[in-house]
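Enquirer: This one is final-v9.tsv, TSV, C-alpha atoms.
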chain	number	residue	atom	x	y	z
T	838	MET	CA	32.86	-8.80	-26.71
T	839	ARG	CA	30.82	-12.02	-26.79
T	840	ILE	CA	31.99	-12.97	-23.26
T	841	ARG	CA	31.18	-9.52	-21.90
T	842	ILE	CA	27.61	-9.61	-23.31
T	843	SER	CA	27.10	-13.13	-21.98
T	844	SER	CA	28.32	-12.08	-18.55
T	845	ILE	CA	26.03	-9.06	-18.50
T	846	LEU	CA	23.07	-11.20	-19.62
T	847	PHE	CA	23.84	-13.80	-16.92
T	848	ILE	CA	24.02	-11.12	-14.23
T	849	ALA	CA	20.74	-9.59	-15.43
T	850	ILE	CA	18.98	-13.00	-15.44
T	851	ALA	CA	20.44	-13.88	-12.04
T	852	GLY	CA	19.13	-10.56	-10.69
T	853	LEU	CA	15.66	-11.28	-12.00
T	854	PHE	CA	15.76	-14.79	-10.53
T	855	THR	CA	16.86	-13.48	-7.14
T	856	GLN	CA	14.13	-10.85	-7.24
T	857	SER	CA	11.46	-13.42	-8.04
T	858	LEU	CA	12.67	-15.62	-5.17
T	859	SER	CA	12.01	-12.84	-2.68
T	860	ALA	CA	8.60	-12.00	-4.16
T	861	GLN	CA	5.72	-13.23	-2.05
T	862	GLN	CA	1.98	-13.00	-1.62
T	863	PHE	CA	1.21	-11.17	1.62
T	864	THR	CA	-2.17	-11.56	3.34
T	865	PRO	CA	-2.33	-10.26	6.92
T	866	PRO	CA	-4.93	-12.26	8.85
T	867	SER	CA	-7.38	-9.51	9.81
T	868	GLU	CA	-6.80	-6.57	7.44
T	869	GLY	CA	-9.07	-7.61	4.55
T	870	PHE	CA	-6.52	-7.54	1.72
T	871	THR	CA	-3.91	-9.55	-0.13
T	872	VAL	CA	-0.99	-8.20	-2.19
T	873	TRP	CA	2.20	-9.36	-3.90
T	874	LEU	CA	5.30	-7.79	-2.33
T	875	ASN	CA	8.94	-8.00	-3.37
T	876	GLY	CA	10.23	-8.99	0.04
T	877	LYS	CA	9.01	-9.42	3.59
T	878	PRO	CA	7.25	-6.29	4.85
T	879	THR	CA	8.14	-4.55	8.09
T	880	PRO	CA	4.85	-4.10	9.97
T	881	GLN	CA	4.30	-0.93	12.00
T	882	THR	CA	1.30	0.32	13.97
T	883	ARG	CA	0.76	4.01	14.67
T	884	THR	CA	-2.03	5.91	16.37
T	885	GLY	CA	-2.95	9.55	16.33
T	886	ASP	CA	-5.66	11.89	17.48
T	887	THR	CA	-7.71	13.53	14.75
T	888	SER	CA	-10.72	15.83	14.69
T	889	PHE	CA	-13.03	12.79	14.50
T	890	GLY	CA	-11.32	10.62	17.10
T	891	LYS	CA	-8.37	8.30	17.50
T	892	LEU	CA	-7.00	6.86	14.25
T	893	THR	CA	-5.04	3.60	14.08
T	894	ILE	CA	-2.73	3.05	11.10
T	895	LYS	CA	-1.10	-0.27	10.23
T	896	VAL	CA	1.73	-0.08	7.68
T	897	TYR	CA	3.31	-3.00	5.81
T	898	LEU	CA	6.35	-1.67	3.95
T	899	VAL	CA	9.16	-3.24	1.94
T	900	THR	CA	12.21	-0.99	1.56
T	901	THR	CA	14.75	-1.42	-1.24
T	902	GLN	CA	17.80	0.51	-2.41
T	903	ASN	CA	15.72	2.60	-4.85
T	904	GLY	CA	12.49	3.03	-2.94
T	905	ALA	CA	9.76	1.44	-0.90
T	906	HIS	CA	6.37	-0.13	-1.57
T	907	GLY	CA	3.59	-1.54	0.52
T	908	VAL	CA	0.14	-1.06	1.99
T	909	SER	CA	-1.21	0.98	4.86
T	910	VAL	CA	-4.59	0.54	6.47
T	911	ASN	CA	-6.06	3.45	8.43
T	912	GLN	CA	-8.91	2.48	10.70
T	913	TYR	CA	-11.48	5.20	11.28
T	914	PRO	CA	-13.67	5.20	14.40
T	915	PHE	CA	-16.75	5.22	12.14
T	916	ALA	CA	-17.86	3.22	9.10
T	917	THR	CA	-19.35	4.72	5.98
T	918	GLU	CA	-20.74	3.60	2.67
T	919	GLU	CA	-22.10	7.03	1.70
T	920	PRO	CA	-20.52	8.23	-1.58
T	921	ASP	CA	-20.02	11.84	-0.40
T	922	LYS	CA	-18.26	10.75	2.80
T	923	ILE	CA	-16.15	8.22	0.91
T	924	GLU	CA	-15.07	10.91	-1.56
T	925	ALA	CA	-14.20	13.32	1.27
T	926	SER	CA	-12.21	10.62	3.10
T	927	LEU	CA	-10.28	9.68	-0.05
T	928	ASP	CA	-9.45	13.34	-0.66
T	929	ALA	CA	-8.38	13.81	2.98
T	930	GLY	CA	-6.13	10.73	2.86
T	931	ILE	CA	-4.47	11.92	-0.34
T	932	ALA	CA	-4.10	15.49	0.97
T	933	SER	CA	-2.47	14.20	4.15
T	934	LEU	CA	0.02	12.10	2.16
T	935	ILE	CA	0.83	14.95	-0.22
T	936	SER	CA	1.24	17.58	2.51
T	937	GLY	CA	3.21	15.20	4.76
T	938	ARG	CA	5.79	14.72	2.02
T	939	LYS	CA	5.60	18.34	0.85
T	940	ALA	CA	4.79	16.84	-2.53
T	941	LYS	CA	3.25	18.13	-5.73
T	942	LYS	CA	0.38	16.19	-7.29
T	943	ILE	CA	1.16	15.20	-10.90
T	944	SER	CA	-2.06	13.38	-11.78
T	945	GLU	CA	-5.19	11.89	-10.26
T	946	LYS	CA	-7.77	9.51	-11.68
T	947	PRO	CA	-10.71	7.50	-10.36
T	948	VAL	CA	-10.27	3.72	-9.98
T	949	THR	CA	-12.47	0.86	-8.81
T	950	LEU	CA	-11.67	-2.48	-7.23
T	951	GLY	CA	-14.13	-5.10	-6.09
T	952	GLY	CA	-17.01	-2.67	-6.45
T	953	HIS	CA	-15.26	-0.04	-4.31
T	954	ASN	CA	-14.44	3.40	-5.72
T	955	GLY	CA	-11.02	4.84	-5.14
T	956	LYS	CA	-8.39	7.18	-6.52
T	957	GLU	CA	-4.93	6.76	-7.98
T	958	VAL	CA	-2.46	9.63	-7.65
T	959	TYR	CA	1.05	10.22	-8.96
T	960	PHE	CA	3.12	12.88	-7.17
T	961	SER	CA	6.65	14.22	-6.91
T	962	PHE	CA	8.59	15.30	-3.85
T	963	ALA	CA	12.14	16.29	-3.01
T	964	GLY	CA	14.15	13.15	-3.64
T	965	GLY	CA	11.71	11.18	-5.75
T	966	VAL	CA	8.24	10.37	-6.98
T	967	GLY	CA	5.30	8.43	-5.63
T	968	ARG	CA	2.21	6.55	-6.65
T	969	VAL	CA	-0.73	5.70	-4.42
T	970	LYS	CA	-4.10	4.01	-4.84
T	971	VAL	CA	-6.60	4.75	-2.10
T	972	PHE	CA	-9.89	2.99	-1.24
T	973	LEU	CA	-12.26	3.49	1.70
T	974	VAL	CA	-14.20	0.38	2.65
T	975	LYS	CA	-16.43	0.71	5.72
T	976	TYR	CA	-14.00	1.50	8.59
T	977	ASN	CA	-10.74	1.16	6.65
T	978	LEU	CA	-8.82	3.45	4.31
T	979	TYR	CA	-6.49	1.24	2.23
T	980	GLN	CA	-3.45	2.86	0.60
T	981	ILE	CA	-1.22	0.94	-1.82
T	982	ILE	CA	1.91	3.03	-2.17
T	983	ALA	CA	5.29	3.19	-3.87
T	984	LEU	CA	7.91	5.88	-3.23
T	985	GLY	CA	11.37	6.28	-4.71
T	986	THR	CA	13.16	6.91	-7.96
T	987	SER	CA	11.06	7.27	-11.09
T	988	PRO	CA	12.42	4.00	-12.59
T	989	TYR	CA	11.54	2.17	-9.35
T	990	VAL	CA	8.00	3.58	-9.02
T	991	ASN	CA	7.31	2.89	-12.71
T	992	SER	CA	8.97	-0.56	-12.80
T	993	ALA	CA	7.27	-3.84	-13.70
T	994	SER	CA	7.88	-5.03	-10.14
T	995	THR	CA	6.02	-2.07	-8.65
T	996	LYS	CA	3.25	-2.42	-11.23
T	997	LYS	CA	2.80	-6.00	-10.06
T	998	VAL	CA	2.33	-4.79	-6.48
T	999	PHE	CA	-0.45	-2.41	-7.55
T	1000	ASP	CA	-2.08	-4.90	-9.93
T	1001	SER	CA	-2.03	-7.72	-7.37
T	1002	PHE	CA	-3.73	-5.83	-4.54
T	1003	ASN	CA	-7.18	-7.23	-3.86
T	1004	PHE	CA	-9.72	-7.32	-1.08
T	1005	THR	CA	-10.28	-10.62	0.68
T	1006	GLN	CA	-13.70	-11.96	1.52
T	1007	GLY	CA	-15.27	-11.66	4.93
T	1008	ASN	CA	-13.27	-9.07	6.84
T	1009	VAL	CA	-12.64	-6.35	4.26
T	1010	GLY	CA	-13.24	-2.98	5.87
T	1011	GLU	CA	-14.27	-4.46	9.21
T	1012	LYS	CA	-13.35	-2.95	12.55
T	1013	TRP	CA	-10.38	-4.58	14.24
T	1014	THR	CA	-10.91	-6.17	17.60
T	1015	THR	CA	-8.54	-6.12	20.53
T	1016	PHE	CA	-8.24	-8.99	22.98
T	1017	THR	CA	-6.62	-8.61	26.37
T	1018	SER	CA	-6.06	-11.47	28.80
T	1019	ASN	CA	-5.24	-10.73	32.43
T	1020	THR	CA	-4.29	-14.37	33.05
T	1021	SER	CA	-2.04	-15.01	30.04
T	1022	GLY	CA	-0.07	-11.78	30.07
T	1023	PHE	CA	-1.16	-10.47	26.69
For the file at hand, write its structure as structure tokens.

Expert:
Amino acid sequence: MRIRISSILFIAIAGLFTQSLSAQQFTPPSEGFTVWLNGKPTPQTRTGDTSFGKLTIKVYLVTTQNGAHGVSVNQYPFATEEPDKIEASLDAGIASLISGRKAKKISEKPVTLGGHNGKEVYFSFAGGVGRVKVFLVKYNLYQIIALGTSPYVNSASTKKVFDSFNFTQGNVGEKWTTFTSNTSGF
């Protein structure tokens, strides 16, 4: 019995150690945020036409056996600091996420970070649960998200992702720029 408990404890500690080795601070150079992630994110860029113009979405996601967590940044073609427009944009971002997953909202509460108002929502969908914090800063809608099993979404590791998210100085909410060179091939 003593050997079995020791073995289980060793495996549990080894698992925690391995997990902490893969944990890393992630700060993309021009997105205006920093966050702790449990692994290297897979970056994706998507675009889509909306009623107010073309929308660019950059997603940084880490996928595990029990779920996924990360950050997405939606860049709107306009900037706003008007409270009514911010509220409407937050609601639209949350509604899009909920309807896209055919989810049911469990709870919603207001949150603030760095002087920016946002919302935190818990929801359920077929196959799991989710948690998202959403902030609109100038041009950018930031979404910190976790999807998966309830133990995964409510784990200490996922909590650390949400607690570690912060805006960086200088380029938070700024419009991205695109550079094209005809002579260098990019």

Enquirer: Considering only C-alpha atoms, state which residue in the set T:Val966, T:Val908, T:Ala929, T:Val896 is at the smallest distance from T:Trp873.

Expert: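 Of all the options, T:Val908 lies closest to T:Trp873.
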
Enquirer: Within 6 Å of T:Tyr897, counting all atoms listed in the file, which residues qualify if same-chain residues fewer than 5 places away don't, as an MDAnalysis selection string?

Expert: chainID T and resid 878:880 907:908

Enquirer: Using C-alpha atoms, can you export the residues from the last selection as a CSV table (one decimal), in the coordinates of the input?

Expert:
chain,number,residue,atom,x,y,z
T,878,PRO,CA,7.2,-6.3,4.8
T,879,THR,CA,8.1,-4.6,8.1
T,880,PRO,CA,4.8,-4.1,10.0
T,907,GLY,CA,3.6,-1.5,0.5
T,908,VAL,CA,0.1,-1.1,2.0

Enquirer: Work out how far apart atom CA of T:Glu919 and atom CA of T:Thr884 are and give it in Å to one decimal.

Expert: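 About the pair atom CA of T:Glu919 and atom CA of T:Thr884: they are 24.9 Å apart.
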
Enquirer: Rank nothing, just name the residue among T:Asn1003, T:Asn954, T:Asn875, T:Ser933 nearest to T:Gly904, using all atoms listed in the file.

Expert: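 Among the listed residues, the smallest separation from T:Gly904 belongs to T:Asn875.
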
Enquirer: If you measure from atom CA of T:Thr1005 to atom CA of T:Leu978, what distance in Å do you get, rounded to one decimal?

Expert: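 If I compute the distance from atom CA of T:Thr1005 to atom CA of T:Leu978, I get 14.6 Å.
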
Enquirer: I'd like the interatomic distance between atom CA of T:Pro988 and atom CA of T:Gly965, to a tenth of an Å.

Expert: 9.9 Å

Enquirer: Mind checking which residues fall within 9 Å of T:Phe999, counting all atoms listed in the file, ignoring those fewer than 3 positions away in the same chain, and posting them as JSON, numbers by chain?

Expert: {"T": [872, 873, 969, 970, 981, 982, 983, 995, 996, 1002]}

Enquirer: From the list T:Phe1004, T:Val899, T:Ala925, T:Ile935, which residue is nearest T:Thr949 when using all atoms listed in the file?

Expert: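 Closest residue, counting all atoms listed in the file: T:Phe1004.
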
Enquirer: Hey, what's within 8 Å of T:Leu973 if we count all atoms listed in the file and toss same-chain stuff fewer than 2 positions away? As a PyMOL selection string, please?

Expert: chain T and resi 923+926-927+953-955+971+975-979+1010

Enquirer: Convert the current residue selection to file output with C-alpha atoms, as a short mmCIF file (atom, residue, chain, number, x, y, z; two decimals), in the frame of the given file.

Expert:
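Output file out_19.cif follows:
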data_model
loop_
_atom_site.label_atom_id
_atom_site.label_comp_id
_atom_site.auth_asym_id
_atom_site.auth_seq_id
_atom_site.Cartn_x
_atom_site.Cartn_y
_atom_site.Cartn_z
CA ILE T 923 -16.15 8.22 0.91
CA SER T 926 -12.21 10.62 3.10
CA LEU T 927 -10.28 9.68 -0.05
CA HIS T 953 -15.26 -0.04 -4.31
CA ASN T 954 -14.44 3.40 -5.72
CA GLY T 955 -11.02 4.84 -5.14
CA VAL T 971 -6.60 4.75 -2.10
CA LYS T 975 -16.43 0.71 5.72
CA TYR T 976 -14.00 1.50 8.59
CA ASN T 977 -10.74 1.16 6.65
CA LEU T 978 -8.82 3.45 4.31
CA TYR T 979 -6.49 1.24 2.23
CA GLY T 1010 -13.24 -2.98 5.87
#

Enquirer: Using all atoms listed in the file, can you tell me which of T:Pro866, T:Gly876, T:Val974, T:Tyr959 comes closest to T:Phe915?

Expert: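 Of the candidates, the smallest distance to T:Phe915 is held by T:Val974.
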
Enquirer: Counting all atoms listed in the file, which residues sit no farther than 12 Å from the position (17.5, 0.6, -4.4) in the file's frame? I'd like them as a ChimeraX atom specification.

Expert: /T:899-906,984-990
